[in-house]
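Undergrad: This one is target_25.cif, mmCIF, C-alpha atoms and all ligand atoms.
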```
data_final
loop_
_atom_site.label_atom_id
_atom_site.label_comp_id
_atom_site.auth_asym_id
_atom_site.auth_seq_id
_atom_site.Cartn_x
_atom_site.Cartn_y
_atom_site.Cartn_z
CA MET D 23 23.24 -6.38 18.28
CA LEU D 24 21.53 -8.50 20.92
CA SER D 25 18.45 -9.11 18.81
CA MET D 26 20.55 -9.83 15.66
CA SER D 27 22.60 -12.58 17.23
CA LYS D 28 19.52 -14.05 18.87
CA VAL D 29 17.66 -14.06 15.54
CA VAL D 30 20.57 -15.95 14.03
CA SER D 31 20.88 -18.51 16.83
CA GLY D 32 17.11 -19.02 17.04
CA ASP D 33 16.80 -19.52 20.78
CA SER D 34 15.62 -16.14 22.02
CA TYR D 35 13.41 -16.03 25.09
CA GLU D 36 10.51 -14.93 22.89
CA GLU D 37 10.93 -17.86 20.47
CA CYS D 38 11.18 -20.35 23.35
CA GLN D 39 8.12 -18.77 24.99
CA ALA D 40 6.14 -18.89 21.74
CA THR D 41 6.91 -22.60 21.35
CA ALA D 42 6.11 -23.32 25.01
CA ASP D 43 2.80 -21.43 24.71
CA TRP D 44 1.91 -23.31 21.50
CA LEU D 45 2.58 -26.67 23.20
CA LEU D 46 0.74 -25.75 26.39
CA SER D 47 -2.29 -24.71 24.40
CA SER D 48 -2.16 -28.01 22.48
CA THR D 49 -1.99 -30.36 25.48
CA GLN D 50 -3.58 -30.59 28.92
CA VAL D 51 -0.39 -32.09 30.40
CA ARG D 52 1.66 -29.74 32.60
CA PRO D 53 5.00 -31.57 32.73
CA THR D 54 7.30 -31.32 35.74
CA VAL D 55 9.67 -34.01 34.47
CA GLY D 56 11.47 -33.92 31.11
CA ILE D 57 13.11 -36.99 29.60
CA VAL D 58 15.52 -37.12 26.65
CA CYS D 59 15.78 -40.50 24.91
CA GLY D 60 19.19 -41.42 23.53
CA SER D 61 20.01 -43.55 20.46
CA GLY D 62 17.95 -46.73 20.52
CA LEU D 63 16.23 -45.67 23.76
CA GLY D 64 13.11 -44.11 22.25
CA GLY D 65 11.04 -46.82 23.95
CA LEU D 66 11.18 -44.72 27.11
CA ALA D 67 8.55 -42.46 25.53
CA ASP D 68 6.24 -45.43 24.93
CA MET D 69 5.91 -45.89 28.70
CA LEU D 70 3.90 -42.67 29.03
CA LYS D 71 0.19 -43.14 29.77
CA ASP D 72 -2.40 -41.28 27.68
CA PRO D 73 0.32 -40.09 25.31
CA GLN D 74 -0.08 -36.98 23.20
CA VAL D 75 2.43 -36.93 20.39
CA PHE D 76 3.78 -34.01 18.37
CA LYS D 77 6.10 -34.49 15.42
CA TYR D 78 9.04 -32.08 15.63
CA SER D 79 8.17 -30.93 12.12
CA ASP D 80 4.75 -29.75 13.40
CA ILE D 81 6.09 -27.73 16.37
CA PRO D 82 6.85 -24.04 15.71
CA ASN D 83 10.59 -23.22 15.84
CA PHE D 84 11.60 -26.85 16.55
CA PRO D 85 14.59 -28.35 14.69
CA ARG D 86 14.08 -31.66 12.82
CA SER D 87 15.76 -34.90 13.88
CA THR D 88 17.88 -36.32 11.06
CA VAL D 89 19.41 -39.39 12.73
CA HIS D 90 18.38 -43.01 12.11
CA GLY D 91 17.15 -44.39 15.46
CA HIS D 92 15.74 -41.03 16.60
CA ALA D 93 12.00 -40.77 15.94
CA GLY D 94 11.72 -36.99 16.10
CA ARG D 95 8.64 -36.70 18.31
CA LEU D 96 7.72 -34.94 21.51
CA VAL D 97 5.51 -37.11 23.71
CA PHE D 98 3.45 -35.77 26.62
CA GLY D 99 1.77 -38.05 29.16
CA THR D 100 2.05 -39.40 32.67
CA LEU D 101 4.60 -41.81 34.02
CA LYS D 102 3.70 -43.40 37.36
CA GLY D 103 1.17 -40.58 37.73
CA LYS D 104 3.69 -37.80 37.13
CA PRO D 105 3.21 -35.42 34.22
CA CYS D 106 6.13 -35.83 31.81
CA VAL D 107 7.36 -34.67 28.46
CA CYS D 108 9.71 -36.89 26.51
CA MET D 109 11.98 -36.11 23.57
CA GLN D 110 11.98 -39.15 21.33
CA GLY D 111 15.10 -38.14 19.47
CA ARG D 112 17.51 -35.32 20.22
CA PHE D 113 19.71 -32.97 18.21
CA HIS D 114 23.48 -33.21 17.81
CA LEU D 115 26.31 -30.94 16.72
CA TYR D 116 27.16 -33.33 13.88
CA GLU D 117 23.77 -32.73 12.27
CA GLY D 118 25.03 -29.25 11.52
CA TYR D 119 22.76 -27.31 13.87
CA PRO D 120 24.06 -24.24 15.65
CA VAL D 121 24.65 -25.37 19.24
CA GLN D 122 21.78 -23.17 20.50
CA LYS D 123 19.32 -25.11 18.32
CA ILE D 124 20.39 -28.36 19.96
CA THR D 125 19.40 -27.01 23.36
CA PHE D 126 16.29 -25.10 22.25
CA PRO D 127 13.89 -27.82 23.51
CA ILE D 128 15.47 -27.71 26.97
CA ARG D 129 14.62 -24.02 27.33
CA VAL D 130 11.10 -24.72 26.07
CA PHE D 131 10.79 -27.43 28.77
CA LYS D 132 11.85 -24.92 31.42
CA LEU D 133 9.23 -22.44 30.26
CA MET D 134 6.59 -25.19 30.33
CA GLY D 135 7.29 -25.79 34.04
CA VAL D 136 9.71 -28.74 33.96
CA GLU D 137 11.85 -28.96 37.13
CA THR D 138 13.72 -32.24 36.72
CA MET D 139 15.44 -33.55 33.59
CA ILE D 140 16.46 -37.15 32.99
CA LEU D 141 18.81 -37.50 30.02
CA THR D 142 19.91 -40.76 28.44
CA ASN D 143 22.44 -41.55 25.75
CA ALA D 144 24.41 -44.36 24.19
CA ALA D 145 28.15 -44.19 24.78
CA GLY D 146 31.37 -46.04 24.07
CA ALA D 147 33.32 -47.37 27.06
CA LEU D 148 36.81 -46.00 27.64
CA ASN D 149 37.03 -47.56 31.09
CA GLN D 150 38.40 -51.07 30.55
CA ASP D 151 36.28 -52.52 33.37
CA TYR D 152 33.06 -51.61 31.59
CA LYS D 153 31.13 -54.07 29.43
CA VAL D 154 28.65 -53.64 26.61
CA GLY D 155 25.19 -53.32 28.19
CA ASP D 156 26.41 -51.59 31.35
CA VAL D 157 24.50 -48.49 32.43
CA MET D 158 26.58 -45.59 33.76
CA ILE D 159 25.21 -42.90 36.05
CA ILE D 160 26.99 -39.78 34.80
CA LYS D 161 28.65 -38.05 37.76
CA ASP D 162 30.50 -35.42 35.71
CA HIS D 163 31.41 -34.52 32.16
CA ILE D 164 34.19 -33.25 29.93
CA ASN D 165 32.87 -30.89 27.28
CA MET D 166 35.42 -31.17 24.48
CA PRO D 167 33.59 -28.88 22.01
CA GLY D 168 33.45 -26.36 24.87
CA PHE D 169 37.27 -26.21 24.86
CA ALA D 170 37.00 -24.96 21.27
CA GLY D 171 34.39 -22.33 22.17
CA VAL D 172 31.32 -24.38 21.25
CA ASN D 173 28.99 -23.78 24.19
CA PRO D 174 25.22 -23.20 24.06
CA LEU D 175 25.57 -20.18 26.36
CA THR D 176 27.93 -18.36 23.99
CA GLY D 177 26.57 -14.96 23.00
CA PRO D 178 24.57 -12.37 24.91
CA ASN D 179 23.17 -13.77 28.17
CA ASP D 180 19.44 -13.40 28.80
CA GLU D 181 19.09 -13.16 32.59
CA ARG D 182 15.51 -14.42 32.34
CA PHE D 183 17.03 -17.84 31.66
CA GLY D 184 19.95 -17.70 34.07
CA VAL D 185 23.24 -16.10 35.10
CA ARG D 186 26.14 -15.24 32.80
CA PHE D 187 28.60 -17.68 34.42
CA PRO D 188 26.72 -20.71 35.75
CA CYS D 189 28.46 -23.17 38.07
CA MET D 190 29.04 -26.66 36.63
CA SER D 191 30.72 -28.39 39.57
CA ASP D 192 27.26 -29.49 40.72
CA ALA D 193 25.90 -30.16 37.22
CA TYR D 194 24.72 -33.68 38.05
CA ASP D 195 22.38 -33.58 41.04
CA ARG D 196 23.87 -35.66 43.86
CA GLU D 197 20.50 -36.46 45.45
CA LEU D 198 19.20 -37.74 42.13
CA GLN D 199 22.32 -39.88 41.72
CA LYS D 200 21.68 -41.36 45.15
CA LEU D 201 18.05 -41.99 44.26
CA ALA D 202 19.21 -43.74 41.06
CA ARG D 203 21.65 -45.90 43.06
CA ASP D 204 18.89 -46.84 45.53
CA VAL D 205 16.52 -47.82 42.72
CA VAL D 206 19.30 -49.81 41.03
CA SER D 207 19.78 -51.93 44.14
CA GLU D 208 16.04 -52.35 44.71
CA LEU D 209 15.66 -53.64 41.14
CA GLY D 210 18.70 -55.92 41.46
CA TYR D 211 20.57 -54.13 38.67
CA SER D 212 23.82 -53.54 40.57
CA ASP D 213 25.79 -55.99 38.40
CA PHE D 214 25.58 -53.74 35.36
CA MET D 215 25.51 -50.29 37.00
CA ARG D 216 28.51 -47.96 36.89
CA GLU D 217 29.23 -44.38 37.83
CA GLY D 218 31.61 -42.30 35.80
CA VAL D 219 32.67 -39.34 33.72
CA TYR D 220 31.14 -38.79 30.26
CA CYS D 221 33.14 -37.02 27.57
CA SER D 222 31.29 -35.43 24.68
CA LEU D 223 32.83 -34.93 21.24
CA GLY D 224 31.41 -33.33 18.12
CA GLY D 225 31.33 -36.49 15.96
CA PRO D 226 30.07 -37.82 13.60
CA SER D 227 33.25 -39.83 12.97
CA PHE D 228 34.05 -42.17 15.83
CA GLU D 229 37.29 -41.69 17.74
CA THR D 230 40.71 -42.87 16.68
CA ILE D 231 42.62 -45.24 18.95
CA ALA D 232 44.94 -42.41 20.03
CA GLU D 233 41.96 -40.21 20.86
CA CYS D 234 40.40 -42.93 23.01
CA VAL D 235 43.65 -43.49 24.90
CA MET D 236 43.99 -39.74 25.45
CA LEU D 237 40.39 -39.29 26.65
CA HIS D 238 40.77 -42.14 29.12
CA LYS D 239 43.99 -40.63 30.45
CA LEU D 240 42.14 -37.34 30.88
CA GLY D 241 39.67 -39.03 33.22
CA ALA D 242 36.75 -39.98 30.96
CA ASP D 243 35.04 -43.35 31.45
CA ALA D 244 32.73 -43.13 28.44
CA VAL D 245 32.53 -41.12 25.23
CA GLY D 246 29.61 -39.95 23.13
CA MET D 247 28.32 -37.17 20.89
CA SER D 248 25.54 -35.57 22.94
CA THR D 249 24.12 -34.60 26.34
CA VAL D 250 26.61 -32.06 27.71
CA GLN D 251 25.17 -29.10 25.79
CA GLU D 252 21.74 -30.01 27.13
CA VAL D 253 23.04 -30.38 30.68
CA ILE D 254 24.69 -26.95 30.54
CA VAL D 255 21.37 -25.36 29.56
CA VAL D 256 19.44 -27.42 32.13
CA ARG D 257 21.70 -26.07 34.86
CA HIS D 258 21.77 -22.53 33.47
CA SER D 259 18.00 -22.38 33.78
CA GLY D 260 17.93 -23.84 37.30
CA MET D 261 16.52 -27.30 36.60
CA ARG D 262 18.18 -30.32 38.18
CA CYS D 263 19.36 -33.29 36.18
CA LEU D 264 20.18 -36.95 36.18
CA ALA D 265 21.96 -38.47 33.18
CA LEU D 266 22.46 -42.13 32.26
CA SER D 267 24.69 -43.67 29.58
CA LEU D 268 23.99 -47.05 28.08
CA ILE D 269 27.35 -48.54 27.15
CA SER D 270 26.74 -49.68 23.59
CA ASN D 271 30.29 -50.56 22.59
CA CYS D 272 33.79 -50.71 23.99
CA SER D 273 36.05 -48.12 22.45
CA VAL D 274 39.01 -49.52 20.58
CA MET D 275 42.07 -48.81 22.70
CA ASP D 276 44.80 -50.92 21.17
CA TYR D 277 46.29 -51.46 17.74
CA ASP D 278 45.97 -55.26 17.84
CA SER D 279 42.19 -55.04 18.09
CA HIS D 280 40.09 -55.58 14.97
CA GLU D 281 36.91 -54.18 16.57
CA LYS D 282 35.24 -51.27 14.79
CA ALA D 283 32.68 -48.86 16.31
CA ASN D 284 29.44 -48.72 14.31
CA HIS D 285 26.00 -47.19 14.71
CA GLU D 286 24.13 -50.50 14.25
CA GLU D 287 25.87 -51.93 17.34
CA VAL D 288 24.80 -48.84 19.28
CA LEU D 289 21.15 -49.37 18.32
CA GLU D 290 21.22 -53.15 18.92
CA THR D 291 22.57 -52.74 22.48
CA GLY D 292 19.83 -50.21 23.09
CA ARG D 293 17.20 -52.75 22.05
CA GLN D 294 18.63 -55.43 24.32
CA ARG D 295 18.99 -53.39 27.52
CA ALA D 296 16.14 -50.96 26.81
CA GLU D 297 13.54 -52.73 28.94
CA GLN D 298 15.65 -52.58 32.09
CA LEU D 299 16.65 -48.98 31.47
CA GLU D 300 12.98 -48.06 30.99
CA LYS D 301 12.10 -49.75 34.26
CA LEU D 302 14.92 -47.93 36.03
CA VAL D 303 13.82 -44.53 34.71
CA SER D 304 10.16 -45.11 35.53
CA GLU D 305 10.97 -46.20 39.11
CA ILE D 306 13.17 -43.14 39.54
CA VAL D 307 10.33 -40.91 38.29
CA ALA D 308 7.90 -42.70 40.63
CA LYS D 309 10.11 -41.89 43.59
CA LEU D 310 10.85 -38.28 42.64
CA GLU D 311 7.77 -37.03 44.43
CA ARG D 312 8.60 -38.83 47.62
CA ASN D 313 12.04 -37.25 47.58
CA ASN D 314 10.96 -33.91 46.23
CA ASN D 315 10.92 -31.98 49.48
CA SER D 316 14.45 -32.87 50.39
CA LEU D 317 15.80 -32.35 46.89
CA THR D 318 17.31 -28.99 46.13
CA ARG D 319 18.46 -27.51 42.88
N1 LIG D 401 31.97 -42.94 20.40
C1 LIG D 401 31.23 -41.83 20.28
N2 LIG D 401 29.91 -41.84 20.40
C2 LIG D 401 29.31 -43.00 20.67
C3 LIG D 401 30.02 -44.20 20.81
C4 LIG D 401 31.42 -44.15 20.66
O1 LIG D 401 32.13 -45.16 20.77
N3 LIG D 401 29.12 -45.17 21.09
C5 LIG D 401 27.90 -44.58 21.11
N4 LIG D 401 27.99 -43.27 20.87
#
```
Could you spell out this file's structure in structure tokens?
TA:
Amino acid sequence: MLSMSKVVSGDSYEECQATADWLLSSTQVRPTVGIVCGSGLGGLADMLKDPQVFKYSDIPNFPRSTVHGHAGRLVFGTLKGKPCVCMQGRFHLYEGYPVQKITFPIRVFKLMGVETMILTNAAGALNQDYKVGDVMIIKDHINMPGFAGVNPLTGPNDERFGVRFPCMSDAYDRELQKLARDVVSELGYSDFMREGVYCSLGGPSFETIAECVMLHKLGADAVGMSTVQEVIVVRHSGMRCLALSLISNCSVMDYDSHEKANHEEVLETGRQRAEQLEKLVSEIVAKLERNNNSLTR
């Protein structure tokens, strides 16, 4: 029974280990930091020095990226001297993957030795104070698909990854959030930095006006279609994480508005703010080492 369901979901320990071993035998880099690039933010991967690039289609057991704006490559290299691995393109529920396939790379990262994950995404603002181009440090999330039973940890639990019932009240590492805030002020980015709650939906259709109003009332500041499944698996396997949303559009919250959410706007905002977001992430990575001793999981 255990092996059957794991064969179906495709994220067994053995499959993750086989992929991790294949990657480790194909690169000299031993990453301690993993980065996930959101829509339009693939440029983060181009910051890596001495990059070694693997197309997802060439990596055993890896899903393929099907979304415009997501390159579908795993990039190894160093960032500010730290060994990193970067997903240039992630997987989403709306692509039709079983949820465990979406988080498969995260488990592979863990087995390769990654300790810290930095996740980025593009999101729509529900908070009326937010503007397009703002960057939000995610302090917490609402996992809407989780309410309907869609959770990457559903099914038999393999204790080699983590415990059956992992805590999520500390999902977003507070020390890393503080580090991000410190770097934001050093770089003079405070004007466009926010901190808030990210709500993930299944997509791919954007939200209705009533849905946006409801999500905001429930306490969400921004809405998107990714990240929370990855964060759940990051925490399950004992890595720590920092997550950042680039606000690419303001959600339509009233019936007099003629605004319409669209994917091109999401990508265009990414292009405009990408340079500053890349700088922010690379400075955070640079300072991880300095803070490493005091940082706990
Ligand atoms: N809704 C959902 N996902 C998104 C949005 C949005 O408004 N913007 C970017 N990703």
Undergrad: If we draw a sphere of 10 Å around (23.8, -41.7, 21.6), which residues have at least one atom in it when counting all atoms listed in the file? Please report them as a ChimeraX atom specification.
TA: /D:59-63,91-92,111-112,114,142-146,245-249,267-270,285,288-289,292
Undergrad: For atom CA of D:Leu237 and atom CA of D:Gly168, determine how far apart the two atoms are, in Å to one decimal place.
TA: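 Pair atom CA of D:Leu237 / atom CA of D:Gly168 returns 14.8 Å.
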Undergrad: Find the residues near D:Gln39: any atom within 9 Å, counting all atoms listed in the file, skip ones fewer than 6 places away on the same chain, and give them as a list in words.
TA: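 Residues meeting the cut-off are Arg129, Val130, Leu133 and Met134 of chain D.
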Undergrad: Excluding D:Thr88 and its own-chain neighbours fewer than 2 positions away, which residues fall within 12 Å of it when counting all atoms listed in the file? Please give them as a PyMOL selection string.
TA: chain D and resi 78-79+85-86+90-95+111-119
Undergrad: How would the residues just picked look written out with C-alpha atoms as an mmCIF file, in the coordinates of the input?
TA:
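Below is the file selection.cif, written as the result:
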```cif
data_model
loop_
_atom_site.group_PDB
_atom_site.id
_atom_site.type_symbol
_atom_site.label_atom_id
_atom_site.label_comp_id
_atom_site.auth_asym_id
_atom_site.auth_seq_id
_atom_site.Cartn_x
_atom_site.Cartn_y
_atom_site.Cartn_z
ATOM 1 C CA TYR D 78 9.040 -32.080 15.630
ATOM 2 C CA SER D 79 8.170 -30.930 12.120
ATOM 3 C CA PRO D 85 14.590 -28.350 14.690
ATOM 4 C CA ARG D 86 14.080 -31.660 12.820
ATOM 5 C CA HIS D 90 18.380 -43.010 12.110
ATOM 6 C CA GLY D 91 17.150 -44.390 15.460
ATOM 7 C CA HIS D 92 15.740 -41.030 16.600
ATOM 8 C CA ALA D 93 12.000 -40.770 15.940
ATOM 9 C CA GLY D 94 11.720 -36.990 16.100
ATOM 10 C CA ARG D 95 8.640 -36.700 18.310
ATOM 11 C CA GLY D 111 15.100 -38.140 19.470
ATOM 12 C CA ARG D 112 17.510 -35.320 20.220
ATOM 13 C CA PHE D 113 19.710 -32.970 18.210
ATOM 14 C CA HIS D 114 23.480 -33.210 17.810
ATOM 15 C CA LEU D 115 26.310 -30.940 16.720
ATOM 16 C CA TYR D 116 27.160 -33.330 13.880
ATOM 17 C CA GLU D 117 23.770 -32.730 12.270
ATOM 18 C CA GLY D 118 25.030 -29.250 11.520
ATOM 19 C CA TYR D 119 22.760 -27.310 13.870
#
```
Undergrad: Write out as a PDB file with C-alpha atoms, in the coordinates of the input the residues lying within 8 Å of D:Gly184, counting all atoms listed in the file and excluding same-chain residues fewer than 5 positions away.
TA:
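Output contents, as saved in result.pdb:
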```pdb
ATOM      1  CA  ASN D 179      23.170 -13.770  28.170  1.00  0.00           C
ATOM      2  CA  HIS D 258      21.770 -22.530  33.470  1.00  0.00           C
ATOM      3  CA  SER D 259      18.000 -22.380  33.780  1.00  0.00           C
ATOM      4  CA  GLY D 260      17.930 -23.840  37.300  1.00  0.00           C
TER       5      GLY D 260
END
```
Undergrad: Between D:Ala242, D:Val136, D:Ala40, D:Ala296, which residue has the minimum interatomic distance to D:Asp162, considering all atoms listed in the file?
TA: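 Using all atoms listed in the file, the shortest distance to D:Asp162 belongs to D:Ala242.
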Undergrad: In terms of the shortest atom-to-atom distance over only C-alpha atoms and all ligand atoms, which of D:Asp151, D:Glu286, D:Asp204, D:Glu300 is closest to ligand LIG 401 (chain D)?
TA: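 Smallest separation from ligand LIG 401 (chain D) among the options: D:Glu286.
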Undergrad: When you count only C-alpha atoms, which of these residues is closest to D:Asn271: D:Phe187, D:Phe76, D:Phe98, D:Tyr152?
TA: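 Smallest separation from D:Asn271 among the options: D:Tyr152.
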Undergrad: Please identify all polymer residues within 12 Å of D:Leu264, counting only C-alpha atoms, omitting same-chain residues fewer than 4 positions from it, and present them as an NGL selection string.
TA: :D and (55-58 or 137-143 or 158-162 or 192-203 or 217 or 249-250 or 252-253 or 256-257 or 303 or 306-307 or 310 or 319)
Undergrad: Please indicate the distance in Å from atom CA of D:Asp33 to atom CA of D:Tyr220, rounded to one decimal place.
TA: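 Going from atom CA of D:Asp33 over to atom CA of D:Tyr220 covers 25.8 Å.
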Undergrad: Quick one, how far is atom C2 of ligand LIG 401 (chain D) from atom CA of D:Pro120?
TA: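 Going from atom C2 of ligand LIG 401 (chain D) over to atom CA of D:Pro120, I get 20.1 Å.
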Undergrad: Could you tell me which of D:Leu148, D:Ala170, D:Met190, D:Ile254 comes closest to ligand LIG 401 (chain D) if we count only C-alpha atoms and all ligand atoms?
TA: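 For ligand LIG 401 (chain D), the nearest of the given residues is D:Leu148.
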Undergrad: Starting from 6 Å padding per side, set up an axis-aligned box that covers all listed atoms of stretch 80-99 of chain D and hand over centre and edge lengths in Å, one decimal, as JSON.
TA:
```
{"center_x": 10.6, "center_y": -33.8, "center_z": 20.1, "size_x": 29.6, "size_y": 33.2, "size_z": 30.1}
```
Undergrad: At a cut-off of 10 Å around the point (4.5, -46.1, 29.8) (file coordinates), what residues fall inside when counting all atoms listed in the file? I'd like the answer as a CSV table (one decimal) with C-alpha atoms, in the coordinates of the input.
TA:
```csv
chain,number,residue,atom,x,y,z
D,65,GLY,CA,11.0,-46.8,24.0
D,66,LEU,CA,11.2,-44.7,27.1
D,67,ALA,CA,8.6,-42.5,25.5
D,68,ASP,CA,6.2,-45.4,24.9
D,69,MET,CA,5.9,-45.9,28.7
D,70,LEU,CA,3.9,-42.7,29.0
D,71,LYS,CA,0.2,-43.1,29.8
D,72,ASP,CA,-2.4,-41.3,27.7
D,73,PRO,CA,0.3,-40.1,25.3
D,99,GLY,CA,1.8,-38.0,29.2
D,100,THR,CA,2.0,-39.4,32.7
D,101,LEU,CA,4.6,-41.8,34.0
D,102,LYS,CA,3.7,-43.4,37.4
D,300,GLU,CA,13.0,-48.1,31.0
D,301,LYS,CA,12.1,-49.8,34.3
D,304,SER,CA,10.2,-45.1,35.5
```
Undergrad: If you count only C-alpha atoms, which residues fall within 10 Å of D:Arg186, apart from same-chain ones fewer than 5 positions away, as a list of chain:residue names?
TA: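 The filter keeps D:Leu175, D:Thr176, D:Gly177, D:Pro178, D:Asn179, D:Asp180, D:Glu181, D:His258.
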Undergrad: Using only C-alpha atoms, which of D:His280, D:Arg52, D:Lys153, D:Arg293 sits nearest D:Asp213?
TA: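 Between D:His280, D:Arg52, D:Lys153, D:Arg293, the residue approaching D:Asp213 most closely is D:Lys153.
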Undergrad: Nearest to ligand LIG 401 (chain D): which of D:Arg216, D:Arg182, D:Lys282, D:Lys77 is it, counting all atoms listed in the file?
TA: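 Smallest separation from ligand LIG 401 (chain D) among the options: D:Lys282.
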